[in-house]
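Just below is one structure, and these are the notes that go with it.
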There are 2 protein chains.
Amino acid sequence: MARWQGGARERLQAAALERFAEQGFDGTTVAEIAATAGLTERTFFRYFTDKREVLFQGQDDFERRFISAIDEAEDGADPMSTVGAALNRGGSFFQEERRTWSRARNAVIEADPGLRERELLKLSLLAVAMADALRERGVDGTVATLAAESGVTVFRVAFAKWVAEDETRPFPDLLTATVAELRDLVSPVLTG
Amino acid sequence: MARWQGGARERLQAAALERFAEQGFDGTTVAEIAATAGLTERTFFRYFTDKREVLFQGQDDFERRFISAIDEAEDGADPMSTVGAALNRGGSFFQEERRTWSRARNAVIEADPGLRERELLKLSLLAVAMADALRERGVDGTVATLAAESGVTVFRVAFAKWVAEDETRPFPDLLTATVAELRDLVSPVLTG
């Protein structure tokens, strides 16, 4: 890709978040996003099919990280360890330099019911894909679903912490802390 | 409600499931459903806004069962016990006489990607509502989300078992068995 193309995409993303934050997602047009970025609508549509895609682009790549970690797990690895490896691989998406963008994106999504539903569904579909990948490795159907869903729950909570105001801990630390919280929550009651 | 109205709704539901199973959800019209039930389209629209609602009607009532159990939990009850009470209350929806209908409905939903997404989203929104209800009772935000999401995961897996072919155990037994499976899966790895 030529260098200016990368720059245009990033300018459009930054402009979209700025407009969404000020006017709401529904109240913002592609024309306004392009104008804010100092680009044309035609250029916008070279990078995104619509304004929602500014927020959800890269979803396939994101999901592929998790699945590839499951596919590469050693034979006979226990399901929760495999899921743990998938969370770490998926979490590598959330480097420090991405936190400001993720925080702004998250605020826009939380403010719009339709976007919230899209985000919830994205994570549900991730859990389904992870469970399918586990089953393909011979993991029992129920265990695969429980492991994948629990993993996505941990991931979702760790992400909510990561984008919280004033949070500075890196994503892997938050994953570890959340796993410990889930253990503390589930184990005593269930064995009691 | 007059008696014939209840009968009409049930005939329409049975007719819809029959047509969906044979022709797929997309390939079925409201006119066909009404004709199969021996009723008019006008009667159909007295009970349902569209054909999808035949499958998803009663969702608010379903969600309200879970939330009411959380609202009624004793002060100071631990979050996972509260969620357990909610699952039992919600599970009371799935009495034996409903199993055949639920099994047929589930097969229709699994066969259609759009309906599967709707069903996934329904459960995600249930988890969000349960977490909100826990937070309103003073449960910490992270704990509330983890407890609610884990609860919905258990519920989803127990339901998948309940509608599986040849499964005869009642829903509460499957909830208990699934909780035990989650404990076995999560605890050793997370403490190791």
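Identifiers in this document derive from the order of the structure tokens: chains are assigned A, B, ..., residues are numbered from 1 separately in each chain, and ligands are numbered from 1 in order of occurrence.
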Would you list the contacts of Thr43 of chain B as a JSON list (two decimals) with C-alpha atoms, in the first residue's frame, taking every protein, DNA or RNA residue within 10 Å and counting only C-alpha atoms, but skipping same-chain residues closer than 2 positions in sequence?
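The resulting file, part30.json, is shown below:
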```json
[["chain", "number", "residue", "atom", "x", "y", "z"],
["B", 5, "GLN", "CA", -58.02, -17.06, 20.96],
["B", 8, "ALA", "CA", -55.66, -19.85, 17.41],
["B", 9, "ARG", "CA", -52.29, -18.74, 18.72],
["B", 12, "LEU", "CA", -50.48, -20.67, 14.30],
["B", 34, "ALA", "CA", -52.16, -19.03, 8.16],
["B", 39, "LEU", "CA", -56.89, -19.33, 9.60],
["B", 40, "THR", "CA", -56.61, -16.01, 7.80],
["B", 41, "GLU", "CA", -53.57, -13.76, 7.54],
["B", 45, "PHE", "CA", -51.41, -10.48, 12.55],
["B", 46, "ARG", "CA", -53.74, -10.26, 15.54],
["B", 47, "TYR", "CA", -51.24, -12.42, 17.44],
["B", 48, "PHE", "CA", -47.86, -11.74, 15.83]]
```
Residue contacts of Pro170 of chain B (7 Å, only C-alpha atoms) excluding same-chain residues fewer than 3 positions away, as a PyMOL selection string: chain B and resi 96+173-174
What does the file look like for those residues with C-alpha atoms, as a compact mmCIF listing (two decimals), in the first residue's frame?
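The resulting part04.txt:
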```txt
# COMPACT_ATOMS: atom_id res chain seq x y z
CA GLU B 96 -41.62 -31.08 30.16
CA ASP B 173 -31.02 -31.48 36.61
CA LEU B 174 -29.22 -30.28 33.51
```
8 Å contact set for Ala14 of chain B, only C-alpha atoms, chain neighbours under 4 positions out, as number ranges by chain: B: 10, 18, 37
Store the residues picked out above in a file with N, CA, C and O atoms, as a tab-separated table (two decimals), in the first residue's frame.
```
chain	number	residue	atom	x	y	z
B	10	GLU	N	-51.94	-21.05	19.35
B	10	GLU	CA	-51.21	-22.32	19.34
B	10	GLU	C	-51.23	-22.99	17.98
B	10	GLU	O	-50.22	-23.57	17.55
B	18	GLU	N	-44.04	-26.10	11.62
B	18	GLU	CA	-44.13	-27.15	10.60
B	18	GLU	C	-43.61	-26.64	9.24
B	18	GLU	O	-42.79	-27.29	8.60
B	37	ALA	N	-52.67	-23.39	9.24
B	37	ALA	CA	-53.43	-23.39	10.49
B	37	ALA	C	-54.94	-23.33	10.24
B	37	ALA	O	-55.73	-23.42	11.19
```
At most 10 Å to chain A: residues in chain B, only C-alpha atoms, as a PyMOL selection string: chain B and resi 78-81+84+116-125+128+141-143+145-154+156-158+160-161+176+178-191
Computed interatomic separation between atom CA of Gly90 of chain B and atom CA of Arg65 of chain B (Å):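 We find that atom CA of Gly90 of chain B and atom CA of Arg65 of chain B lie 5.3 Å from each other.
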d(atom CA of Thr82 of chain B, atom CA of Ile70 of chain B) in Å: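 Separation between atom CA of Thr82 of chain B and atom CA of Ile70 of chain B: 5.8 Å.
Among the candidates B:Glu22, B:Glu165, B:Glu32, B:Glu74, the one nearest to Ser102 of chain B when counting only C-alpha atoms is B:Glu165.
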Shell around Ala16 of chain B at 10 Å using only C-alpha atoms, local window under 4 positions removed, as a ChimeraX atom specification: /B:10-12,20-22,25,28-30,32-34,36-37,51-52,54-55,105
Members of segment 50-170 of chain A assigned helix (DSSP H, G or I) by DSSP, as a ChimeraX atom specification: /A:51-56,59-71,79-91,96-110,113-136,141-162
